[in-house]
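A.B. asks: If it helps, the file is called entry.cif and holds mmCIF, C-alpha atoms:
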```cif
data_entry
#
loop_
_atom_site.label_atom_id
_atom_site.label_comp_id
_atom_site.auth_asym_id
_atom_site.auth_seq_id
_atom_site.Cartn_x
_atom_site.Cartn_y
_atom_site.Cartn_z
CA MET N 1 113.10 28.53 64.32
CA ILE N 2 110.24 30.77 63.15
CA LYS N 3 110.10 28.73 59.94
CA ARG N 4 109.69 25.52 62.00
CA ILE N 5 106.92 27.04 64.12
CA PHE N 6 105.18 28.20 60.93
CA LEU N 7 105.44 24.73 59.38
CA PHE N 8 104.11 23.15 62.58
CA ALA N 9 101.16 25.55 62.61
CA VAL N 10 100.40 24.76 58.95
CA LEU N 11 100.56 21.03 59.75
CA CYS N 12 98.17 21.47 62.69
CA PHE N 13 95.78 23.45 60.51
CA LEU N 14 95.86 20.85 57.74
CA THR N 15 95.28 18.03 60.23
CA ALA N 16 92.33 19.89 61.74
CA SER N 17 90.87 20.53 58.26
CA ALA N 18 91.25 16.89 57.32
CA GLN N 19 89.42 15.84 60.48
CA SER N 20 86.57 18.24 59.87
CA THR N 21 85.78 16.59 56.53
CA ASN N 22 86.49 13.07 57.60
CA LEU N 23 83.45 11.61 55.88
CA LYS N 24 84.11 8.01 54.99
CA PRO N 25 82.52 6.74 51.76
CA PHE N 26 80.14 3.91 52.60
CA THR N 27 81.23 0.92 50.57
CA ALA N 28 79.34 -1.95 52.24
CA ASN N 29 77.01 -3.61 49.78
CA THR N 30 74.05 -3.53 52.15
CA PRO N 31 70.70 -1.81 51.79
CA THR N 32 69.85 1.16 53.98
CA PRO N 33 68.25 -0.25 57.14
CA PRO N 34 64.72 0.82 58.02
CA LEU N 35 64.29 3.77 60.38
CA LYS N 36 60.83 4.41 61.71
CA LEU N 37 60.66 6.12 65.08
CA THR N 38 58.72 8.81 66.91
CA ASP N 39 60.21 12.12 67.98
CA LEU N 40 60.03 13.76 71.38
CA GLN N 41 56.68 15.32 70.48
CA GLY N 42 55.27 11.93 69.52
CA LYS N 43 55.35 12.55 65.75
CA SER N 44 56.27 9.50 63.66
CA HIS N 45 59.22 9.73 61.24
CA ASP N 46 60.00 7.20 58.52
CA LEU N 47 63.27 7.61 56.63
CA ASN N 48 61.44 6.56 53.46
CA ASP N 49 59.33 9.72 53.69
CA TYR N 50 62.45 11.83 53.23
CA LYS N 51 63.41 10.52 49.81
CA GLY N 52 64.39 13.47 47.64
CA LYS N 53 66.32 15.01 50.53
CA VAL N 54 69.85 14.61 51.82
CA VAL N 55 69.45 13.20 55.33
CA LEU N 56 71.90 13.13 58.20
CA VAL N 57 71.01 10.23 60.50
CA GLN N 58 72.89 10.58 63.73
CA PHE N 59 72.97 8.17 66.69
CA TRP N 60 73.77 10.05 69.88
CA ALA N 61 73.23 10.07 73.64
CA THR N 62 73.02 12.74 76.33
CA TYR N 63 76.03 11.28 78.17
CA CYS N 64 78.20 11.53 75.05
CA GLY N 65 80.48 14.57 75.36
CA PRO N 66 81.22 15.05 71.63
CA CYS N 67 77.48 14.75 70.83
CA ARG N 68 76.68 17.60 73.18
CA LYS N 69 79.55 19.71 71.83
CA GLU N 70 78.67 19.36 68.16
CA MET N 71 74.92 19.98 68.37
CA PRO N 72 75.12 23.80 68.08
CA SER N 73 77.10 23.33 64.85
CA MET N 74 74.29 21.09 63.56
CA ASN N 75 71.84 23.96 64.12
CA LYS N 76 74.13 26.25 62.12
CA MET N 77 74.53 23.57 59.48
CA MET N 78 70.77 23.58 58.83
CA LYS N 79 70.88 27.31 58.20
CA LYS N 80 73.93 27.00 55.93
CA MET N 81 72.22 24.32 53.82
CA GLY N 82 69.77 27.07 52.81
CA ASN N 83 67.22 25.89 50.24
CA VAL N 84 68.87 22.51 49.70
CA PRO N 85 66.39 19.74 50.63
CA PHE N 86 67.95 18.50 53.85
CA LYS N 87 66.85 16.80 57.07
CA ILE N 88 68.53 15.80 60.31
CA LEU N 89 67.19 12.79 62.21
CA ALA N 90 69.07 12.50 65.50
CA VAL N 91 68.31 9.16 67.14
CA ASP N 92 68.84 9.01 70.88
CA MET N 93 70.39 5.73 71.94
CA GLY N 94 68.00 4.09 74.37
CA GLU N 95 67.50 6.81 76.97
CA THR N 96 64.24 7.88 78.56
CA LYS N 97 62.08 10.75 77.32
CA GLU N 98 62.69 12.55 80.61
CA GLU N 99 66.47 12.41 80.24
CA VAL N 100 66.39 13.56 76.63
CA THR N 101 63.89 16.36 77.29
CA ARG N 102 66.15 17.74 80.01
CA PHE N 103 69.07 17.75 77.58
CA VAL N 104 67.05 19.28 74.73
CA ASN N 105 65.84 22.12 76.97
CA GLU N 106 69.45 22.92 77.76
CA VAL N 107 71.19 22.41 74.38
CA LYS N 108 68.22 23.38 72.18
CA PRO N 109 68.70 21.35 69.01
CA GLU N 110 66.52 22.70 66.18
CA PHE N 111 66.12 19.36 64.42
CA SER N 112 64.14 16.17 64.99
CA ILE N 113 65.17 14.10 67.99
CA LEU N 114 63.94 10.53 67.60
CA MET N 115 63.53 8.12 70.48
CA ASP N 116 64.67 4.50 70.37
CA GLU N 117 64.25 3.17 73.87
CA SER N 118 64.39 -0.48 72.75
CA GLY N 119 67.63 0.00 70.80
CA LYS N 120 66.27 -1.82 67.74
CA SER N 121 67.47 0.75 65.21
CA ILE N 122 70.87 0.85 66.91
CA ALA N 123 71.26 -2.85 66.12
CA ASP N 124 69.76 -2.51 62.62
CA TRP N 125 72.18 0.28 61.73
CA ARG N 126 75.18 -1.47 63.31
CA VAL N 127 76.04 1.32 65.68
CA PHE N 128 78.68 0.58 68.30
CA ALA N 129 79.82 4.05 69.35
CA ALA N 130 78.52 7.59 69.63
CA PRO N 131 78.15 9.81 67.78
CA SER N 132 77.75 7.61 64.71
CA ASN N 133 76.62 9.45 61.59
CA PHE N 134 75.20 8.35 58.26
CA ILE N 135 74.72 10.65 55.27
CA ILE N 136 71.85 9.46 53.07
CA ASP N 137 71.48 10.70 49.50
CA PRO N 138 68.13 11.79 47.97
CA GLN N 139 67.65 8.24 46.61
CA GLY N 140 67.78 6.85 50.16
CA LYS N 141 71.24 5.30 49.84
CA ILE N 142 73.92 5.64 52.54
CA ARG N 143 76.77 7.55 50.92
CA TYR N 144 79.04 8.48 53.82
CA THR N 145 79.56 7.61 57.45
CA LEU N 146 81.39 9.50 60.14
CA PHE N 147 82.34 8.51 63.66
CA GLY N 148 83.07 11.11 66.33
CA GLY N 149 82.28 14.75 66.85
CA VAL N 150 82.88 17.36 64.15
CA GLU N 151 82.00 20.95 63.33
CA TRP N 152 79.08 20.23 61.04
CA ASP N 153 78.87 23.78 59.70
CA SER N 154 82.36 23.73 58.17
CA ASP N 155 82.42 24.90 54.56
CA GLU N 156 83.95 21.63 53.38
CA LEU N 157 81.21 19.49 54.92
CA ILE N 158 78.44 21.77 53.68
CA ALA N 159 79.91 21.65 50.15
CA LYS N 160 79.97 17.84 50.22
CA LEU N 161 76.39 17.59 51.39
CA LYS N 162 75.20 20.18 48.87
CA ALA N 163 76.94 18.22 46.10
CA LEU N 164 74.93 15.12 47.07
CA ALA N 165 71.69 17.01 46.58
CA LYS N 166 72.54 17.86 42.95
CA PRO N 167 70.73 15.65 40.40
CA MET B 168 109.48 35.17 109.68
CA ASN B 169 107.70 34.15 112.84
CA PHE B 170 108.98 30.73 113.92
CA ARG B 171 105.48 29.53 114.89
CA ILE B 172 104.09 30.35 111.43
CA LEU B 173 107.04 28.57 109.83
CA LEU B 174 106.50 25.53 112.05
CA THR B 175 102.76 25.48 111.29
CA ALA B 176 103.43 25.73 107.56
CA LEU B 177 105.98 22.94 107.78
CA THR B 178 103.62 20.70 109.77
CA LEU B 179 100.82 21.40 107.29
CA PHE B 180 103.14 20.57 104.40
CA VAL B 181 104.11 17.25 105.98
CA PHE B 182 100.47 16.36 106.65
CA ILE B 183 99.33 17.27 103.14
CA GLY B 184 102.24 15.30 101.74
CA ALA B 185 101.35 12.28 103.83
CA ALA B 186 97.70 12.51 102.86
CA SER B 187 98.48 12.65 99.15
CA VAL B 188 100.49 9.42 99.20
CA ASN B 189 98.24 6.51 98.29
CA PRO B 190 98.12 4.12 101.21
CA VAL B 191 99.22 0.64 100.30
CA LEU B 192 96.69 -1.73 101.73
CA ALA B 193 98.18 -4.96 100.39
CA LYS B 194 99.39 -7.27 103.15
CA GLU B 195 102.06 -8.90 101.02
CA VAL B 196 104.06 -8.20 97.87
CA LYS B 197 105.33 -11.14 95.85
CA THR B 198 107.82 -10.81 93.02
CA ILE B 199 107.32 -13.12 90.08
CA GLU B 200 110.03 -13.70 87.53
CA ALA B 201 108.77 -13.67 83.97
CA GLY B 202 111.58 -14.02 81.45
CA ASP B 203 113.81 -10.97 81.78
CA THR B 204 111.28 -9.13 83.88
CA GLU B 205 110.22 -9.15 87.49
CA ILE B 206 106.61 -8.34 88.27
CA ASP B 207 105.54 -7.19 91.72
CA VAL B 208 102.20 -8.63 92.74
CA ARG B 209 100.29 -7.06 95.60
CA ILE B 210 98.53 -9.80 97.52
CA PHE B 211 95.45 -9.44 99.68
CA PRO B 212 95.47 -12.88 101.34
CA ALA B 213 92.35 -14.72 102.42
CA LYS B 214 91.52 -18.19 103.67
CA GLY B 215 88.77 -19.01 101.16
CA ASN B 216 89.26 -21.24 98.13
CA ILE B 217 88.85 -18.47 95.53
CA LEU B 218 91.69 -16.37 94.14
CA LEU B 219 90.88 -13.33 92.05
CA LEU B 220 93.72 -12.33 89.77
CA GLY B 221 93.38 -8.75 88.51
CA PHE B 222 95.36 -7.10 85.75
CA PRO B 223 94.93 -3.49 86.80
CA CYS B 224 97.90 -2.06 84.89
CA ASP B 225 97.51 0.93 87.04
CA GLU B 226 101.00 1.47 88.37
CA GLY B 227 99.68 -0.03 91.57
CA LYS B 228 98.20 3.19 92.84
CA SER B 229 94.49 2.88 92.36
CA LEU B 230 92.92 3.41 95.76
CA ALA B 231 89.44 2.28 94.64
CA GLU B 232 90.86 -1.02 93.42
CA GLU B 233 92.89 -1.55 96.59
CA LYS B 234 89.89 -0.85 98.81
CA THR B 235 87.83 -3.29 96.79
CA ALA B 236 90.58 -5.90 97.04
CA SER B 237 90.81 -5.43 100.83
CA SER B 238 87.08 -5.76 101.17
CA LEU B 239 87.03 -8.96 99.07
CA ALA B 240 89.86 -10.42 101.15
CA GLU B 241 87.89 -9.72 104.33
CA ASP B 242 85.12 -11.81 102.80
CA GLY B 243 87.47 -14.73 102.10
CA ILE B 244 88.40 -14.02 98.48
CA GLU B 245 92.15 -13.72 97.96
CA VAL B 246 93.14 -10.98 95.50
CA TRP B 247 96.34 -10.68 93.51
CA MET B 248 97.14 -7.44 91.67
CA PRO B 249 100.23 -7.63 89.47
CA ASP B 250 101.78 -4.29 88.55
CA LEU B 251 102.60 -5.09 84.95
CA LEU B 252 103.25 -1.56 83.77
CA SER B 253 105.98 -0.96 86.33
CA GLY B 254 107.42 -4.41 85.64
CA PHE B 255 107.92 -3.49 82.01
CA MET B 256 108.63 0.19 82.76
CA LEU B 257 105.76 1.23 80.54
CA PRO B 258 103.70 4.44 80.69
CA LYS B 259 100.01 4.26 81.54
CA VAL B 260 98.74 4.51 77.98
CA ARG B 261 96.70 2.09 75.93
CA SER B 262 99.51 1.30 73.51
CA SER B 263 101.55 -0.12 76.40
CA LEU B 264 99.30 -3.17 76.60
CA SER B 265 100.70 -4.74 73.45
CA GLN B 266 104.19 -4.52 74.96
CA ILE B 267 103.26 -6.65 77.94
CA SER B 268 104.54 -10.10 77.09
CA THR B 269 102.21 -13.08 77.02
CA GLU B 270 104.96 -15.00 78.83
CA SER B 271 104.62 -12.70 81.84
CA LEU B 272 100.84 -13.14 81.93
CA VAL B 273 101.23 -16.91 81.85
CA ALA B 274 103.91 -16.80 84.57
CA ILE B 275 101.56 -14.89 86.88
CA ILE B 276 98.67 -17.25 86.17
CA ASN B 277 100.99 -20.16 86.85
CA GLU B 278 101.93 -18.77 90.28
CA ALA B 279 98.28 -18.16 91.10
CA THR B 280 97.26 -21.73 90.27
CA LYS B 281 100.04 -23.06 92.54
CA THR B 282 97.98 -21.89 95.54
CA GLY B 283 95.49 -24.68 94.81
CA LYS B 284 92.61 -22.18 94.84
CA LYS B 285 90.04 -21.66 92.11
CA VAL B 286 91.48 -18.87 89.98
CA TYR B 287 89.28 -16.21 88.41
CA LEU B 288 90.65 -13.38 86.27
CA ILE B 289 89.40 -9.80 86.31
CA ALA B 290 90.24 -6.61 84.41
CA SER B 291 88.54 -3.50 83.07
CA GLY B 292 88.55 -1.45 79.88
CA PRO B 293 91.32 -2.20 77.36
CA ASP B 294 93.19 -4.20 80.04
CA THR B 295 90.67 -7.00 79.45
CA GLU B 296 92.73 -7.94 76.40
CA LEU B 297 95.45 -9.15 78.79
CA ILE B 298 93.04 -11.59 80.44
CA LEU B 299 91.96 -13.07 77.13
CA ARG B 300 95.50 -13.30 75.79
CA GLY B 301 96.90 -14.79 79.00
CA ALA B 302 94.05 -17.28 79.40
CA SER B 303 94.16 -18.56 75.82
CA HIS B 304 97.91 -19.19 76.05
CA TRP B 305 97.51 -20.83 79.43
CA GLU B 306 94.84 -23.14 78.02
CA SER B 307 97.00 -24.05 75.03
CA ASN B 308 99.00 -26.29 77.38
CA GLU B 309 96.53 -29.03 78.19
CA GLU B 310 98.49 -30.05 81.29
CA ASN B 311 97.73 -26.73 82.92
CA ILE B 312 95.09 -26.54 85.64
CA ALA B 313 91.85 -25.08 84.30
CA LEU B 314 91.02 -21.52 85.29
CA SER B 315 87.55 -20.97 86.68
CA GLY B 316 86.39 -17.92 84.77
CA ALA B 317 86.87 -14.25 83.97
CA VAL B 318 85.07 -11.02 84.76
CA LEU B 319 85.48 -8.39 82.05
CA MET B 320 84.38 -5.01 83.36
CA PHE B 321 83.53 -2.46 80.67
CA PRO B 322 85.64 -4.30 78.09
CA ARG B 323 87.09 -2.08 75.37
CA LEU B 324 88.27 -4.60 72.84
CA PHE B 325 87.82 -2.89 69.48
CA LYS B 326 90.85 -3.07 67.25
CA ASP B 327 90.06 0.34 65.74
CA SER B 328 87.31 2.91 66.14
CA PRO B 329 84.12 1.22 64.95
CA VAL B 330 82.92 2.38 61.54
CA PRO B 331 79.19 3.20 61.57
CA GLY B 332 77.26 0.59 59.62
CA GLU B 333 79.97 -2.06 59.80
CA MET B 334 80.56 -4.90 62.22
CA PRO B 335 83.43 -3.95 64.55
CA LYS B 336 86.81 -5.61 64.43
CA TYR B 337 88.03 -6.95 67.75
CA GLN B 338 91.48 -7.53 69.22
CA ASP B 339 93.13 -10.78 68.14
CA ALA B 340 92.76 -12.27 71.63
CA VAL B 341 88.96 -12.14 71.42
CA GLY B 342 87.36 -15.54 70.80
CA LYS B 343 90.47 -17.60 71.58
CA THR B 344 89.78 -18.77 75.13
CA ARG B 345 87.32 -21.35 76.50
CA LEU B 346 86.96 -19.59 79.87
CA PRO B 347 83.47 -18.89 81.19
CA ILE B 348 83.12 -15.10 80.97
CA LEU B 349 80.93 -12.53 82.65
CA LEU B 350 80.73 -9.12 80.98
CA LEU B 351 79.80 -6.05 83.02
CA GLU B 352 78.85 -2.87 81.20
CA GLY B 353 77.42 0.49 82.25
CA GLU B 354 73.96 1.47 81.08
CA ARG B 355 75.07 4.94 80.08
CA THR B 356 77.65 4.08 77.45
CA PRO B 357 77.19 3.24 73.76
CA ASN B 358 79.22 0.08 74.41
CA ARG B 359 76.21 -1.57 76.05
CA TRP B 360 74.70 -1.84 72.58
CA GLY B 361 77.67 -3.90 71.46
CA LEU B 362 77.37 -6.48 74.24
CA ASN B 363 75.59 -9.09 72.11
CA THR B 364 78.08 -8.78 69.27
CA LEU B 365 81.03 -8.99 71.66
CA SER B 366 79.47 -11.99 73.44
CA HIS B 367 79.13 -13.86 70.14
CA GLU B 368 82.77 -13.12 69.28
CA LEU B 369 83.95 -14.27 72.71
CA GLU B 370 81.99 -17.52 72.40
CA LYS B 371 83.80 -18.56 69.22
CA ASN B 372 86.18 -20.93 70.98
CA GLY B 373 83.63 -22.37 73.36
CA SER B 374 83.44 -19.78 76.13
CA LYS B 375 80.09 -19.46 77.83
CA VAL B 376 79.43 -15.74 78.07
CA LYS B 377 76.90 -13.89 80.15
CA SER B 378 76.49 -10.10 80.35
CA LYS B 379 75.02 -7.73 82.89
CA VAL B 380 74.25 -4.02 82.49
CA ILE B 381 74.74 -1.84 85.57
CA PRO B 382 71.98 0.78 85.69
CA ASN B 383 72.71 4.54 85.71
CA VAL B 384 76.48 4.39 85.39
CA ARG B 385 78.89 5.28 82.61
CA GLY B 386 81.85 3.21 81.52
CA TYR B 387 84.93 3.51 83.79
CA PHE B 388 82.73 5.17 86.39
CA PHE B 389 84.99 4.03 89.22
CA LYS B 390 87.92 5.91 87.71
CA ARG B 391 86.04 9.12 86.89
CA LYS B 392 86.74 12.39 88.66
CA ASP B 393 83.25 13.65 87.72
CA ALA B 394 81.42 10.60 89.09
CA ASN B 395 77.74 11.22 89.85
CA ARG B 396 75.84 9.87 92.87
CA SER B 397 74.86 6.56 91.25
CA GLU B 398 78.46 6.02 90.18
CA ASP B 399 79.78 6.81 93.66
CA VAL B 400 77.33 4.35 95.17
CA VAL B 401 78.27 1.54 92.77
CA THR B 402 81.98 2.27 93.29
CA SER B 403 81.51 1.89 97.03
CA GLN B 404 79.74 -1.42 96.38
CA MET B 405 82.33 -2.72 93.90
CA ALA B 406 83.33 -5.66 96.10
CA GLY B 407 79.71 -6.78 96.25
CA LEU B 408 79.39 -6.42 92.49
CA ILE B 409 82.44 -8.62 91.96
CA LYS B 410 81.16 -11.22 94.43
CA VAL B 411 77.86 -11.39 92.53
CA SER B 412 79.83 -11.76 89.29
CA LEU B 413 81.80 -14.68 90.73
CA PHE B 414 78.53 -16.19 91.90
CA TYR B 415 77.21 -16.06 88.31
CA LEU B 416 80.38 -17.70 87.03
CA GLU B 417 80.23 -20.41 89.72
CA GLU B 418 76.60 -21.02 88.88
CA LYS B 419 77.58 -21.44 85.24
CA GLU B 420 80.31 -23.84 86.30
CA SER B 421 77.94 -25.99 88.38
CA ASN B 422 75.39 -26.07 85.54
CA ASP B 423 77.96 -27.43 83.09
#
```
Now that the file is in, can you turn its structure into structure tokens?
C.D. replies:
Amino acid sequence: MIKRIFLFAVLCFLTASAQSTNLKPFTANTPTPPLKLTDLQGKSHDLNDYKGKVVLVQFWATYCGPCRKEMPSMNKMMKKMGNVPFKILAVDMGETKEEVTRFVNEVKPEFSILMDESGKSIADWRVFAAPSNFIIDPQGKIRYTLFGGVEWDSDELIAKLKALAKP
Amino acid sequence: MNFRILLTALTLFVFIGAASVNPVLAKEVKTIEAGDTEIDVRIFPAKGNILLLGFPCDEGKSLAEEKTASSLAEDGIEVWMPDLLSGFMLPKVRSSLSQISTESLVAIINEATKTGKKVYLIASGPDTELILRGASHWESNEENIALSGAVLMFPRLFKDSPVPGEMPKYQDAVGKTRLPILLLEGERTPNRWGLNTLSHELEKNGSKVKSKVIPNVRGYFFKRKDANRSEDVVTSQMAGLIKVSLFYLEEKESND
């Protein structure tokens, strides 16, 4: 009986580990869509300006439970990336500045929150659910995608992102 | 123990028990034979010429849906609510939908058309697949009376979780019917951004599709335990929302 419980626990652990690194290689033969939006402070961000860095582009919304839950781990992730050139661009999906500001004051993300009230980038990037994540390599190419909430500061994920930054 | 306390406790127990039982508002229950299965259909009769056939798949216990149906019936729209899950003895989980036979859906539609009223179909969430499947099979027999349209509330018709950066794959039933369709989606759900794509897919066999976004509500708001004020208000106005949806579909019909 104890052996069975142990095996079950190992299985649960392995399943959880697999989910935490569930980055899906991006195989579509399509160019990276444009992304040019302003952040909450009104500063303009163009994805092209971040060439040379690994970029996490995330599409999220304040009403999305997993988005809210994973944001603290994204703050930790930035610290764990250390000196690796890395940027997070978190695109809010069509909400108002007022709604997003309220959320940001509560959850306190330490990365750039971009506003897309028209939803144009959501269509350009073919986003149909939240959170939808894209990992962009230093050459500006989408390398991985990930749907759903994860613990972004897991060692496995950090290792994968750091590997992308290597020349 | 004091007899009075015991009596009070017993009375309280009976009252709480009675209050927790969902009241059945349907005026009539009709049993439809569909192959080896019998499906109970709650009927909210009305004298008007419109019949709204819902596929709630909700074990017949959704109070919000029953209240809405009663309200519609008061306004002359007859409502039929077949309890498909109980008919097939299936649990209330998404995977049960694929086990509901197309034959049973067609049998229910057939009974509804026998009333001579204009039949509209309605469902929400993943249950919308049943509407599309039933309607396309119904239409495949050209002798069948044409259905008037369908209202898909917060349709959840992805085959799998959508992969970021890729076009989503939809259930096989999507794009097979010619029914005029009205899509309703909440503003505060990522699914609103997929409305255009879904509309195009639904139009593939000739359906005319229109979509409306309901401001300040999330998907499934009328089934949420944590509903906010906007969601409570829209839930209380659900009958009105459905009547407006039928109006849009009728308008579409008269323009054709």
A.B. asks: Could you work out which residues of chain N fall inside 10 Å of chain B? Count all atoms listed in the file, and format the result as a compact mmCIF listing (two decimals) with C-alpha atoms, in the frame of the given file.
C.D. replies:
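Output below, filename iface_6.txt:
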```txt
# COMPACT_ATOMS: atom_id res chain seq x y z
CA LYS N 24 84.11 8.01 54.99
CA PHE N 26 80.14 3.91 52.60
CA THR N 27 81.23 0.92 50.57
CA ALA N 28 79.34 -1.95 52.24
CA THR N 30 74.05 -3.53 52.15
CA THR N 32 69.85 1.16 53.98
CA PRO N 33 68.25 -0.25 57.14
CA GLN N 58 72.89 10.58 63.73
CA PHE N 59 72.97 8.17 66.69
CA TRP N 60 73.77 10.05 69.88
CA ALA N 61 73.23 10.07 73.64
CA THR N 62 73.02 12.74 76.33
CA TYR N 63 76.03 11.28 78.17
CA CYS N 64 78.20 11.53 75.05
CA MET N 93 70.39 5.73 71.94
CA GLY N 94 68.00 4.09 74.37
CA GLU N 95 67.50 6.81 76.97
CA GLY N 119 67.63 0.00 70.80
CA LYS N 120 66.27 -1.82 67.74
CA ILE N 122 70.87 0.85 66.91
CA ALA N 123 71.26 -2.85 66.12
CA ASP N 124 69.76 -2.51 62.62
CA TRP N 125 72.18 0.28 61.73
CA ARG N 126 75.18 -1.47 63.31
CA VAL N 127 76.04 1.32 65.68
CA PHE N 128 78.68 0.58 68.30
CA ALA N 129 79.82 4.05 69.35
CA ALA N 130 78.52 7.59 69.63
CA PRO N 131 78.15 9.81 67.78
CA SER N 132 77.75 7.61 64.71
CA ASN N 133 76.62 9.45 61.59
CA PHE N 134 75.20 8.35 58.26
CA ILE N 142 73.92 5.64 52.54
CA TYR N 144 79.04 8.48 53.82
CA THR N 145 79.56 7.61 57.45
CA LEU N 146 81.39 9.50 60.14
CA PHE N 147 82.34 8.51 63.66
CA GLY N 148 83.07 11.11 66.33
```
A.B. asks: Can you spell out as number ranges by chain the set of residues that the PyMOL selection byres ((chain B and resi 295) around 8) selects in the structure I just provided?
C.D. replies: B: 222, 289-294, 296-299, 319-320, 322-324
A.B. asks: What is the atom CA of N:Glu117-atom CA of B:Val380 distance in Å, reported with one decimal?
C.D. replies: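 Distance reported for this atom pair: 15.0 Å.
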A.B. asks: Using the chain letters and numbers from the file, which residues does the PyMOL selection byres ((chain N and resi 166) around 12) grab, as a ChimeraX atom specification?
C.D. replies: /N:52-54,84-86,137-139,159-165,167
A.B. asks: For the selection just defined, write its residues with C-alpha atoms to a file, as an mmCIF file, in the frame of the given file.
C.D. replies:
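Written output follows (part24.cif):
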```
data_model
loop_
_atom_site.group_PDB
_atom_site.id
_atom_site.type_symbol
_atom_site.label_atom_id
_atom_site.label_comp_id
_atom_site.auth_asym_id
_atom_site.auth_seq_id
_atom_site.Cartn_x
_atom_site.Cartn_y
_atom_site.Cartn_z
ATOM 1 C CA GLY N 52 64.390 13.470 47.640
ATOM 2 C CA LYS N 53 66.320 15.010 50.530
ATOM 3 C CA VAL N 54 69.850 14.610 51.820
ATOM 4 C CA VAL N 84 68.870 22.510 49.700
ATOM 5 C CA PRO N 85 66.390 19.740 50.630
ATOM 6 C CA PHE N 86 67.950 18.500 53.850
ATOM 7 C CA ASP N 137 71.480 10.700 49.500
ATOM 8 C CA PRO N 138 68.130 11.790 47.970
ATOM 9 C CA GLN N 139 67.650 8.240 46.610
ATOM 10 C CA ALA N 159 79.910 21.650 50.150
ATOM 11 C CA LYS N 160 79.970 17.840 50.220
ATOM 12 C CA LEU N 161 76.390 17.590 51.390
ATOM 13 C CA LYS N 162 75.200 20.180 48.870
ATOM 14 C CA ALA N 163 76.940 18.220 46.100
ATOM 15 C CA LEU N 164 74.930 15.120 47.070
ATOM 16 C CA ALA N 165 71.690 17.010 46.580
ATOM 17 C CA PRO N 167 70.730 15.650 40.400
#
```
A.B. asks: As an exercise, work out the distance from atom CA of B:Arg345 to atom CA of B:Gly301 in Å and give it to one decimal place.
C.D. replies: 11.9 Å
A.B. asks: Which polymer residues have any atom within 8 Å of an atom of N:Met74, counting only C-alpha atoms, with same-chain residues fewer than 5 positions away left out, as a PyMOL selection string?
C.D. replies: chain N and resi 109+151-153
A.B. asks: When you look at B:Gly407 with a cut-off of 12 Å (counting only C-alpha atoms), what residues show up, excluding the ones that are within fewer than 2 positions of it in the same chain? I need them as a list in words.
C.D. replies: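 The filter keeps Thr235, Ala236, Ser238, Leu239, Ala240, Glu241, Asp242, Ile244, Val400, Val401, Thr402, Ser403, Gln404, Met405, Ile409, Lys410, Val411, Ser412, Leu413 and Phe414 of chain B.
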A.B. asks: Can you pull out the residues contacting stretch 275-284 of chain B? Cut-off 9 Å, using all atoms listed in the file, and skip same-chain residues under 2 positions away; I want them as a list in words.
C.D. replies: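 Returned residues: Ile199, Glu200, Ala201, Ile206, Val208, Gly215, Asn216, Ile217, Leu218, Leu219, Leu220, Trp247, Pro249, Glu270, Ser271, Leu272, Val273, Val286, Leu288, Gly301, Ala302, Trp305, Asn311, Ile312, Ala313 and Leu314 of chain B.
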A.B. asks: Once the PyMOL selection byres ((chain N and resi 103) around 12) is applied to the coordinates I shared, what remains selected? I want it as an mmCIF file with C-alpha atoms, in the frame of the given file.
C.D. replies:
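Ended up saving to expr.cif:
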```cif
data_model
loop_
_atom_site.group_PDB
_atom_site.id
_atom_site.type_symbol
_atom_site.label_atom_id
_atom_site.label_comp_id
_atom_site.auth_asym_id
_atom_site.auth_seq_id
_atom_site.Cartn_x
_atom_site.Cartn_y
_atom_site.Cartn_z
ATOM 1 C CA LEU N 40 60.030 13.760 71.380
ATOM 2 C CA TRP N 60 73.770 10.050 69.880
ATOM 3 C CA ALA N 61 73.230 10.070 73.640
ATOM 4 C CA THR N 62 73.020 12.740 76.330
ATOM 5 C CA TYR N 63 76.030 11.280 78.170
ATOM 6 C CA CYS N 64 78.200 11.530 75.050
ATOM 7 C CA CYS N 67 77.480 14.750 70.830
ATOM 8 C CA ARG N 68 76.680 17.600 73.180
ATOM 9 C CA MET N 71 74.920 19.980 68.370
ATOM 10 C CA ASP N 92 68.840 9.010 70.880
ATOM 11 C CA GLU N 95 67.500 6.810 76.970
ATOM 12 C CA THR N 96 64.240 7.880 78.560
ATOM 13 C CA LYS N 97 62.080 10.750 77.320
ATOM 14 C CA GLU N 98 62.690 12.550 80.610
ATOM 15 C CA GLU N 99 66.470 12.410 80.240
ATOM 16 C CA VAL N 100 66.390 13.560 76.630
ATOM 17 C CA THR N 101 63.890 16.360 77.290
ATOM 18 C CA ARG N 102 66.150 17.740 80.010
ATOM 19 C CA VAL N 104 67.050 19.280 74.730
ATOM 20 C CA ASN N 105 65.840 22.120 76.970
ATOM 21 C CA GLU N 106 69.450 22.920 77.760
ATOM 22 C CA VAL N 107 71.190 22.410 74.380
ATOM 23 C CA LYS N 108 68.220 23.380 72.180
ATOM 24 C CA PRO N 109 68.700 21.350 69.010
ATOM 25 C CA ILE N 113 65.170 14.100 67.990
#
```
A.B. asks: Using all atoms of stretch 231-235 of chain B listed in the file and a margin of 3 Å per side, can you give the axis-aligned box centre and edge lengths in Å to one decimal, as AutoDock Vina command-line options?
C.D. replies:
```
--center_x 90.4 --center_y -0.5 --center_z 96.1 --size_x 11.1 --size_y 11.6 --size_z 11.4
```
A.B. asks: What is the atom CA of N:Ser121-atom CA of N:Pro34 distance in Å, reported with one decimal?
C.D. replies: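 Spanning atom CA of N:Ser121 to atom CA of N:Pro34 is a straight-line distance of 7.7 Å.
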A.B. asks: Could you tell me which of B:Ser303, B:Asp393, B:Tyr415, B:Leu350 comes closest to B:Lys379 if we count only C-alpha atoms?
C.D. replies: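 Counting only C-alpha atoms, the residue closest to B:Lys379 is B:Leu350.
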